[in-house]
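Everything below concerns the one structure shown next.
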Amino acid sequence: EGCIREVKWSPLVDHWIASAGEDALIKVWDIRKDSKPVLELEGHTNQIWRLSWSRAHADILASGSTDRRINIWSLRIPPDFLLCSQSEYFAGPVVGVQFSHTTPGQVYGLSEEGSVVSIMMTQSFLEPLITSRFKANDTREREIEKYVYLRDLSQAG
């Protein structure tokens, strides 16, 4: 319970909203469904101040908290959904989190004392999230699908 500090609409799925606040939980809502969240993400130890949805991957979002962490989440990997947690960069609360507008796998974090950190989600970081609609022996199609997910269209062609 407690005060909600942040609400963000998904830029890629128009019926998803994420909220976060003093209870250290991220709640993902599907506005087409009941008035209860469809997911609750636990991984912070203190109130969450900021959320940011990925502009490249509908299932990925980042959060910043007074626990001095940036967490990156994937809605594809239950039960924990947590991809990574970065805390070693900040001496104080994280007051800003934003996915890059130009680089699909890059997240920026801003701390209360003014330090800015860039976190890059590399190909090896994202590859376990790739699902395929093709059979294992359809290697070229699977390769193209991988590069499309990674937003490396120069390799997909």
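Residues in the structure tokens are named by chain (A, B, ... in the order shown) and by number from 1 within that chain; ligands are numbered from 1 in the order shown.
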
| task | Identify, with DSSP run on backbone atoms, the residues in region 18-128 of chain A assigned to strand (DSSP E or B), and express the list as a PyMOL selection string. | result | chain A and resi 18-21+25-30+39-42+48-53+60-65+70-74+82-86+94-99+106-111+116-120

| said: Need the shell around Leu25 (chain A): protein/DNA/RNA residues with any atom at most 8 Å away, counting only C-alpha atoms. Skip same-chain ones fewer than 3 positions apart. Format as a ChimeraX atom specification? | reply: /A:20-22,40-44,47-48

Can I get the selected residues back with all heavy atoms, as a short mmCIF file (atom, residue, chain, number, x, y, z; two decimals), in the first residue's frame?
data_model
loop_
_atom_site.label_atom_id
_atom_site.label_comp_id
_atom_site.auth_asym_id
_atom_site.auth_seq_id
_atom_site.Cartn_x
_atom_site.Cartn_y
_atom_site.Cartn_z
N ALA A 20 3.93 2.41 -9.79
CA ALA A 20 4.87 2.08 -8.73
C ALA A 20 4.82 3.16 -7.66
O ALA A 20 4.38 4.27 -7.91
CB ALA A 20 6.28 1.96 -9.28
N GLY A 21 5.31 2.80 -6.46
CA GLY A 21 5.27 3.78 -5.39
C GLY A 21 5.92 3.32 -4.12
O GLY A 21 6.90 2.59 -4.12
N GLU A 22 5.31 3.74 -3.02
CA GLU A 22 5.89 3.54 -1.69
C GLU A 22 5.94 2.08 -1.25
O GLU A 22 6.72 1.73 -0.37
CB GLU A 22 5.13 4.38 -0.66
CG GLU A 22 5.34 5.85 -0.85
CD GLU A 22 4.56 6.70 0.14
OE1 GLU A 22 3.68 6.16 0.86
OE2 GLU A 22 4.83 7.90 0.18
N GLU A 40 2.44 -8.27 -10.54
CA GLU A 40 3.11 -7.46 -9.52
C GLU A 40 4.57 -7.89 -9.51
O GLU A 40 4.87 -9.07 -9.37
CB GLU A 40 2.49 -7.66 -8.13
CG GLU A 40 1.14 -7.01 -8.00
CD GLU A 40 0.64 -6.97 -6.56
OE1 GLU A 40 1.35 -7.40 -5.64
OE2 GLU A 40 -0.51 -6.50 -6.38
N LEU A 41 5.45 -6.93 -9.69
CA LEU A 41 6.88 -7.19 -9.76
C LEU A 41 7.54 -6.76 -8.46
O LEU A 41 7.43 -5.60 -8.05
CB LEU A 41 7.49 -6.44 -10.94
CG LEU A 41 6.79 -6.62 -12.30
CD1 LEU A 41 7.45 -5.76 -13.35
CD2 LEU A 41 6.78 -8.07 -12.70
N GLU A 42 8.23 -7.71 -7.83
CA GLU A 42 8.93 -7.44 -6.57
C GLU A 42 10.42 -7.56 -6.78
O GLU A 42 10.88 -8.56 -7.31
CB GLU A 42 8.51 -8.46 -5.51
CG GLU A 42 7.05 -8.42 -5.14
CD GLU A 42 6.70 -9.43 -4.07
OE1 GLU A 42 7.48 -9.58 -3.11
OE2 GLU A 42 5.66 -10.08 -4.21
N GLY A 43 11.17 -6.55 -6.36
CA GLY A 43 12.61 -6.61 -6.50
C GLY A 43 13.33 -5.41 -5.92
O GLY A 43 14.54 -5.36 -5.88
N HIS A 44 12.56 -4.43 -5.50
CA HIS A 44 13.14 -3.27 -4.81
C HIS A 44 12.87 -3.43 -3.31
O HIS A 44 11.93 -4.10 -2.90
CB HIS A 44 12.51 -1.97 -5.30
CG HIS A 44 13.01 -1.52 -6.64
ND1 HIS A 44 14.27 -1.03 -6.83
CD2 HIS A 44 12.41 -1.51 -7.85
CE1 HIS A 44 14.42 -0.71 -8.11
NE2 HIS A 44 13.31 -1.00 -8.74
N GLN A 47 10.81 2.46 -1.70
CA GLN A 47 9.87 3.03 -2.65
C GLN A 47 10.48 3.29 -4.02
O GLN A 47 11.66 3.62 -4.15
CB GLN A 47 9.24 4.30 -2.09
CG GLN A 47 10.21 5.42 -1.80
CD GLN A 47 9.49 6.57 -1.13
OE1 GLN A 47 8.35 6.88 -1.45
NE2 GLN A 47 10.16 7.23 -0.21
N ILE A 48 9.66 3.10 -5.04
CA ILE A 48 10.07 3.28 -6.43
C ILE A 48 9.62 4.66 -6.87
O ILE A 48 8.45 5.02 -6.73
CB ILE A 48 9.45 2.19 -7.32
CG1 ILE A 48 9.90 0.81 -6.84
CG2 ILE A 48 9.82 2.41 -8.78
CD1 ILE A 48 9.12 -0.35 -7.45
#

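In terms of minimum interatomic distance to Ile26 (chain A), A:Leu82 ranks closest within A:Leu82, A:Val117, A:Leu12, A:Ile77, counting only C-alpha atoms.
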
| Could you state the separation of CA of Gly105 (chain A) and CA of Leu153 (chain A) in Å, given to one decimal place? |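 Computed distance, CA of Gly105 (chain A) to CA of Leu153 (chain A), equals 13.9 Å.
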
| Spatial neighbours of Ile17 (chain A), max dist 9 Å, only C-alpha atoms, sep filter under 6 positions, as a list in words |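 Listing them by chain and then by number gives Val7, Lys8, Trp9, Ser10, Lys27, Val28, Trp29, Asp30 and Ile31 of chain A.
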
Just-selected residues, N, CA and C atoms written as a PDB file, in the first residue's frame:
ATOM      1  N   VAL A   7       3.280   6.566 -12.785  1.00  0.00           N
ATOM      2  CA  VAL A   7       2.397   5.799 -13.658  1.00  0.00           C
ATOM      3  C   VAL A   7       2.875   6.027 -15.081  1.00  0.00           C
ATOM      4  N   LYS A   8       3.055   4.927 -15.844  1.00  0.00           N
ATOM      5  CA  LYS A   8       3.528   5.038 -17.225  1.00  0.00           C
ATOM      6  C   LYS A   8       2.714   4.139 -18.139  1.00  0.00           C
ATOM      7  N   TRP A   9       2.257   4.703 -19.244  1.00  0.00           N
ATOM      8  CA  TRP A   9       1.620   3.925 -20.304  1.00  0.00           C
ATOM      9  C   TRP A   9       2.712   3.261 -21.127  1.00  0.00           C
ATOM     10  N   SER A  10       2.459   2.054 -21.568  1.00  0.00           N
ATOM     11  CA  SER A  10       3.374   1.390 -22.481  1.00  0.00           C
ATOM     12  C   SER A  10       3.315   2.090 -23.837  1.00  0.00           C
ATOM     13  N   LYS A  27       3.237  -2.530 -10.425  1.00  0.00           N
ATOM     14  CA  LYS A  27       2.004  -3.207 -10.808  1.00  0.00           C
ATOM     15  C   LYS A  27       1.751  -2.919 -12.284  1.00  0.00           C
ATOM     16  N   VAL A  28       1.538  -3.989 -13.030  1.00  0.00           N
ATOM     17  CA  VAL A  28       1.242  -3.866 -14.456  1.00  0.00           C
ATOM     18  C   VAL A  28      -0.246  -4.135 -14.622  1.00  0.00           C
ATOM     19  N   TRP A  29      -0.902  -3.197 -15.284  1.00  0.00           N
ATOM     20  CA  TRP A  29      -2.354  -3.241 -15.451  1.00  0.00           C
ATOM     21  C   TRP A  29      -2.693  -3.409 -16.922  1.00  0.00           C
ATOM     22  N   ASP A  30      -3.723  -4.172 -17.203  1.00  0.00           N
ATOM     23  CA  ASP A  30      -4.299  -4.273 -18.539  1.00  0.00           C
ATOM     24  C   ASP A  30      -5.670  -3.634 -18.431  1.00  0.00           C
ATOM     25  N   ILE A  31      -5.841  -2.466 -19.032  1.00  0.00           N
ATOM     26  CA  ILE A  31      -7.076  -1.705 -18.829  1.00  0.00           C
ATOM     27  C   ILE A  31      -8.299  -2.388 -19.425  1.00  0.00           C
TER      28      ILE A  31
END

| message | Just the number, please: distance in Å from CA of Lys36 (chain A) to CA of Ile72 (chain A), one decimal. | response | 22.7 Å

| message | If we count only C-alpha atoms and set the cut-off at 12 Å, which residues sit around region 126-138 of chain A, ignoring sequence neighbours fewer than 2 positions away in its own chain? Please answer as an MDAnalysis selection string. | response | chainID A and resid 56:60 72:78 81 83:84 104:106 120:124 140:151

Write the residues you've just listed into a file as a PDB file, in the first residue's frame, and include C-alpha atoms for each of them.
ATOM      1  CA  ALA A  56      11.915  -1.282 -28.651  1.00  0.00           C
ATOM      2  CA  HIS A  57      10.640  -4.276 -26.658  1.00  0.00           C
ATOM      3  CA  ALA A  58       7.052  -4.328 -25.407  1.00  0.00           C
ATOM      4  CA  ASP A  59       7.883  -6.712 -22.550  1.00  0.00           C
ATOM      5  CA  ILE A  60      10.767  -4.741 -20.992  1.00  0.00           C
ATOM      6  CA  ILE A  72      15.359  -4.039 -15.597  1.00  0.00           C
ATOM      7  CA  TRP A  73      12.358  -6.323 -15.956  1.00  0.00           C
ATOM      8  CA  SER A  74      10.948  -8.602 -18.639  1.00  0.00           C
ATOM      9  CA  LEU A  75       7.312  -9.595 -18.524  1.00  0.00           C
ATOM     10  CA  ARG A  76       8.322 -12.767 -20.431  1.00  0.00           C
ATOM     11  CA  ILE A  77      10.270 -14.497 -17.661  1.00  0.00           C
ATOM     12  CA  PRO A  78       8.083 -15.539 -14.750  1.00  0.00           C
ATOM     13  CA  PHE A  81      10.562 -11.196 -14.100  1.00  0.00           C
ATOM     14  CA  LEU A  83      16.480  -9.387 -15.695  1.00  0.00           C
ATOM     15  CA  CYS A  84      19.085  -7.419 -13.753  1.00  0.00           C
ATOM     16  CA  PRO A 104      17.093   0.522 -28.354  1.00  0.00           C
ATOM     17  CA  GLY A 105      18.990  -1.345 -25.622  1.00  0.00           C
ATOM     18  CA  GLN A 106      20.235   1.615 -23.613  1.00  0.00           C
ATOM     19  CA  MET A 120      23.483  -1.101 -22.241  1.00  0.00           C
ATOM     20  CA  MET A 121      21.466  -4.261 -22.767  1.00  0.00           C
ATOM     21  CA  THR A 122      23.809  -6.244 -25.003  1.00  0.00           C
ATOM     22  CA  GLN A 123      22.937  -8.923 -27.539  1.00  0.00           C
ATOM     23  CA  SER A 124      23.939 -11.683 -25.107  1.00  0.00           C
ATOM     24  CA  ARG A 140      17.824 -18.616 -41.636  1.00  0.00           C
ATOM     25  CA  GLU A 141      14.325 -17.599 -40.509  1.00  0.00           C
ATOM     26  CA  ARG A 142      15.316 -17.940 -36.863  1.00  0.00           C
ATOM     27  CA  GLU A 143      18.429 -15.840 -37.492  1.00  0.00           C
ATOM     28  CA  ILE A 144      16.357 -13.083 -39.120  1.00  0.00           C
ATOM     29  CA  GLU A 145      13.858 -13.234 -36.267  1.00  0.00           C
ATOM     30  CA  LYS A 146      16.712 -12.849 -33.759  1.00  0.00           C
ATOM     31  CA  TYR A 147      18.110  -9.739 -35.463  1.00  0.00           C
ATOM     32  CA  VAL A 148      14.661  -8.171 -35.729  1.00  0.00           C
ATOM     33  CA  TYR A 149      14.176  -8.657 -31.964  1.00  0.00           C
ATOM     34  CA  LEU A 150      17.623  -7.179 -31.328  1.00  0.00           C
ATOM     35  CA  ARG A 151      16.737  -4.242 -33.628  1.00  0.00           C
TER      36      ARG A 151
END

| said: Under the rule that only C-alpha atoms are counted, which of A:Ser52, A:Tyr108, A:Ile70, A:Lys33 is the nearest residue to Ser19 (chain A)? | reply: A:Ser52

Every residue of chain A that DSSP places in alpha helix (DSSP H), as a compact mmCIF listing (two decimals) with N, CA and C atoms, in the first residue's frame:
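Listing of selection.txt after writing:
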# COMPACT_ATOMS: atom_id res chain seq x y z
N GLN A 123 23.56 -7.82 -26.81
CA GLN A 123 22.94 -8.92 -27.54
C GLN A 123 22.87 -10.17 -26.67
N SER A 124 23.95 -10.48 -25.95
CA SER A 124 23.94 -11.68 -25.11
C SER A 124 22.95 -11.55 -23.94
N PHE A 125 22.70 -10.33 -23.50
CA PHE A 125 21.73 -10.08 -22.44
C PHE A 125 20.30 -10.33 -22.94
N LEU A 126 20.02 -9.90 -24.18
CA LEU A 126 18.67 -10.00 -24.73
C LEU A 126 18.35 -11.34 -25.38
N THR A 139 16.86 -22.41 -39.84
CA THR A 139 17.93 -21.60 -39.25
C THR A 139 17.96 -20.17 -39.80
N ARG A 140 17.77 -19.98 -41.09
CA ARG A 140 17.82 -18.62 -41.64
C ARG A 140 16.67 -17.76 -41.09
N GLU A 141 15.48 -18.33 -41.03
CA GLU A 141 14.32 -17.60 -40.51
C GLU A 141 14.52 -17.25 -39.04
N ARG A 142 15.07 -18.19 -38.29
CA ARG A 142 15.32 -17.94 -36.86
C ARG A 142 16.38 -16.85 -36.68
N GLU A 143 17.37 -16.86 -37.55
CA GLU A 143 18.43 -15.84 -37.49
C GLU A 143 17.84 -14.46 -37.77
N ILE A 144 17.00 -14.36 -38.79
CA ILE A 144 16.36 -13.08 -39.12
C ILE A 144 15.48 -12.62 -37.95
N GLU A 145 14.72 -13.55 -37.41
CA GLU A 145 13.86 -13.23 -36.27
C GLU A 145 14.68 -12.70 -35.09
N LYS A 146 15.83 -13.30 -34.84
CA LYS A 146 16.71 -12.85 -33.76
C LYS A 146 17.16 -11.40 -33.99
N TYR A 147 17.62 -11.10 -35.20
CA TYR A 147 18.11 -9.74 -35.46
C TYR A 147 16.99 -8.70 -35.45
N VAL A 148 15.79 -9.10 -35.82
CA VAL A 148 14.66 -8.17 -35.73
C VAL A 148 14.38 -7.87 -34.25
N TYR A 149 14.39 -8.89 -33.40
CA TYR A 149 14.18 -8.66 -31.96
C TYR A 149 15.28 -7.75 -31.39
N LEU A 153 18.64 -4.37 -37.83
CA LEU A 153 18.04 -4.64 -39.12
C LEU A 153 19.07 -4.76 -40.24
N SER A 154 20.26 -4.24 -40.06
CA SER A 154 21.31 -4.40 -41.07
C SER A 154 21.71 -5.87 -41.21
N GLN A 155 21.63 -6.62 -40.11
CA GLN A 155 21.95 -8.05 -40.14
C GLN A 155 20.75 -8.91 -40.56
N ALA A 156 19.54 -8.38 -40.39
CA ALA A 156 18.34 -9.16 -40.68
C ALA A 156 18.08 -9.32 -42.17

| task | Mind checking which residues fall within 8 Å of Gly64 (chain A), counting only C-alpha atoms, ignoring those fewer than 3 positions away in the same chain, and posting them as number ranges by chain? | result | A: 48-51, 68-71, 93-97, 109

File dump, residues just selected, all heavy atoms, as a CSV table (one decimal), in the first residue's frame:
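Result file is out_26.csv:
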chain,number,residue,atom,x,y,z
A,48,ILE,N,9.7,3.1,-5.0
A,48,ILE,CA,10.1,3.3,-6.4
A,48,ILE,C,9.6,4.7,-6.9
A,48,ILE,O,8.5,5.0,-6.7
A,48,ILE,CB,9.4,2.2,-7.3
A,48,ILE,CG1,9.9,0.8,-6.8
A,48,ILE,CG2,9.8,2.4,-8.8
A,48,ILE,CD1,9.1,-0.3,-7.4
A,49,TRP,N,10.6,5.4,-7.4
A,49,TRP,CA,10.2,6.8,-7.9
A,49,TRP,C,10.0,6.9,-9.4
A,49,TRP,O,9.3,7.7,-9.8
A,49,TRP,CB,11.4,7.7,-7.5
A,49,TRP,CG,11.3,8.1,-6.0
A,49,TRP,CD1,10.4,7.7,-5.1
A,49,TRP,CD2,12.2,9.0,-5.4
A,49,TRP,NE1,10.7,8.3,-3.9
A,49,TRP,CE2,11.8,9.1,-4.0
A,49,TRP,CE3,13.3,9.7,-5.8
A,49,TRP,CZ2,12.5,9.8,-3.1
A,49,TRP,CZ3,14.0,10.5,-4.8
A,49,TRP,CH2,13.6,10.5,-3.5
A,50,ARG,N,10.7,6.0,-10.2
A,50,ARG,CA,10.6,6.2,-11.6
A,50,ARG,C,10.4,4.9,-12.3
A,50,ARG,O,11.0,3.8,-11.9
A,50,ARG,CB,11.8,6.9,-12.2
A,50,ARG,CG,12.0,8.3,-11.7
A,50,ARG,CD,10.8,9.2,-12.3
A,50,ARG,NE,10.9,10.5,-11.8
A,50,ARG,CZ,10.1,11.1,-10.9
A,50,ARG,NH1,9.1,10.3,-10.4
A,50,ARG,NH2,10.2,12.3,-10.4
A,51,LEU,N,9.7,4.9,-13.5
A,51,LEU,CA,9.5,3.8,-14.4
A,51,LEU,C,9.8,4.3,-15.8
A,51,LEU,O,9.5,5.4,-16.1
A,51,LEU,CB,8.1,3.3,-14.3
A,51,LEU,CG,7.6,2.6,-13.0
A,51,LEU,CD1,6.1,2.4,-13.1
A,51,LEU,CD2,8.3,1.3,-12.7
A,68,ARG,N,18.6,2.8,-4.3
A,68,ARG,CA,19.8,3.1,-5.1
A,68,ARG,C,20.0,2.1,-6.2
A,68,ARG,O,21.1,1.9,-6.7
A,68,ARG,CB,21.0,3.2,-4.2
A,68,ARG,CG,20.9,4.2,-3.1
A,68,ARG,CD,22.2,4.3,-2.3
A,68,ARG,NE,23.0,3.1,-2.2
A,68,ARG,CZ,23.3,2.5,-1.1
A,68,ARG,NH1,22.7,2.8,0.0
A,68,ARG,NH2,24.0,1.4,-1.1
A,69,ARG,N,18.9,1.5,-6.7
A,69,ARG,CA,18.9,0.5,-7.7
A,69,ARG,C,18.1,0.9,-9.0
A,69,ARG,O,17.1,1.5,-8.8
A,69,ARG,CB,18.3,-0.8,-7.3
A,69,ARG,CG,19.1,-1.6,-6.3
A,69,ARG,CD,18.5,-3.0,-6.2
A,69,ARG,NE,19.2,-3.6,-5.0
A,69,ARG,CZ,18.5,-4.2,-4.1
A,69,ARG,NH1,17.2,-4.3,-4.1
A,69,ARG,NH2,19.2,-4.8,-3.1
A,70,ILE,N,18.7,0.5,-10.1
A,70,ILE,CA,17.9,0.4,-11.3
A,70,ILE,C,17.7,-1.1,-11.6
A,70,ILE,O,18.6,-1.8,-11.6
A,70,ILE,CB,18.6,1.1,-12.5
A,70,ILE,CG1,18.7,2.6,-12.3
A,70,ILE,CG2,17.9,0.7,-13.8
A,70,ILE,CD1,19.4,3.3,-13.5
A,71,ASN,N,16.4,-1.4,-11.7
A,71,ASN,CA,16.1,-2.8,-12.1
A,71,ASN,C,15.5,-2.8,-13.5
A,71,ASN,O,14.7,-1.9,-13.9
A,71,ASN,CB,15.0,-3.4,-11.1
A,71,ASN,CG,15.5,-3.7,-9.8
A,71,ASN,OD1,16.7,-3.6,-9.5
A,71,ASN,ND2,14.7,-4.0,-8.8
A,93,PRO,N,19.5,7.8,-3.8
A,93,PRO,CA,18.3,7.3,-4.5
A,93,PRO,C,18.3,7.6,-6.0
A,93,PRO,O,18.9,8.6,-6.5
A,93,PRO,CB,17.2,8.1,-3.9
A,93,PRO,CG,17.7,8.5,-2.5
A,93,PRO,CD,19.2,8.7,-2.7
A,94,VAL,N,17.7,6.7,-6.8
A,94,VAL,CA,17.6,6.9,-8.2
A,94,VAL,C,16.3,7.7,-8.4
A,94,VAL,O,15.2,7.3,-8.1
A,94,VAL,CB,17.5,5.5,-8.9
A,94,VAL,CG1,17.3,5.8,-10.4
A,94,VAL,CG2,18.8,4.7,-8.7
A,95,VAL,N,16.5,8.9,-9.0
A,95,VAL,CA,15.4,9.8,-9.2
A,95,VAL,C,14.9,9.9,-10.7
A,95,VAL,O,13.9,10.6,-11.0
A,95,VAL,CB,15.7,11.2,-8.7
A,95,VAL,CG1,15.8,11.1,-7.1
A,95,VAL,CG2,16.8,11.8,-9.3
A,96,GLY,N,15.7,9.3,-11.6
A,96,GLY,CA,15.3,9.3,-13.0
A,96,GLY,C,15.7,8.0,-13.7
A,96,GLY,O,16.8,7.5,-13.4
A,97,VAL,N,14.9,7.5,-14.5
A,97,VAL,CA,15.2,6.3,-15.4
A,97,VAL,C,14.5,6.5,-16.7
A,97,VAL,O,13.4,6.9,-16.8
A,97,VAL,CB,14.6,5.0,-14.7
A,97,VAL,CG1,14.8,3.8,-15.7
A,97,VAL,CG2,15.3,4.7,-13.4
A,109,GLY,N,20.2,6.2,-16.0
A,109,GLY,CA,19.7,6.4,-14.7
A,109,GLY,C,20.3,7.7,-14.1
A,109,GLY,O,21.5,8.0,-14.4

| Nearest to Val116 (chain A) by atom-to-atom distance, counting only C-alpha atoms, from A:Ala91, A:Thr45, A:Arg5, A:Ala24 |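 Checking each candidate against Val116 (chain A), we get A:Ala91 as the closest.
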
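Atom pair CA of Val107 (chain A) / CA of Val13 (chain A) has a distance of 19.4 Å (rounded to one decimal).
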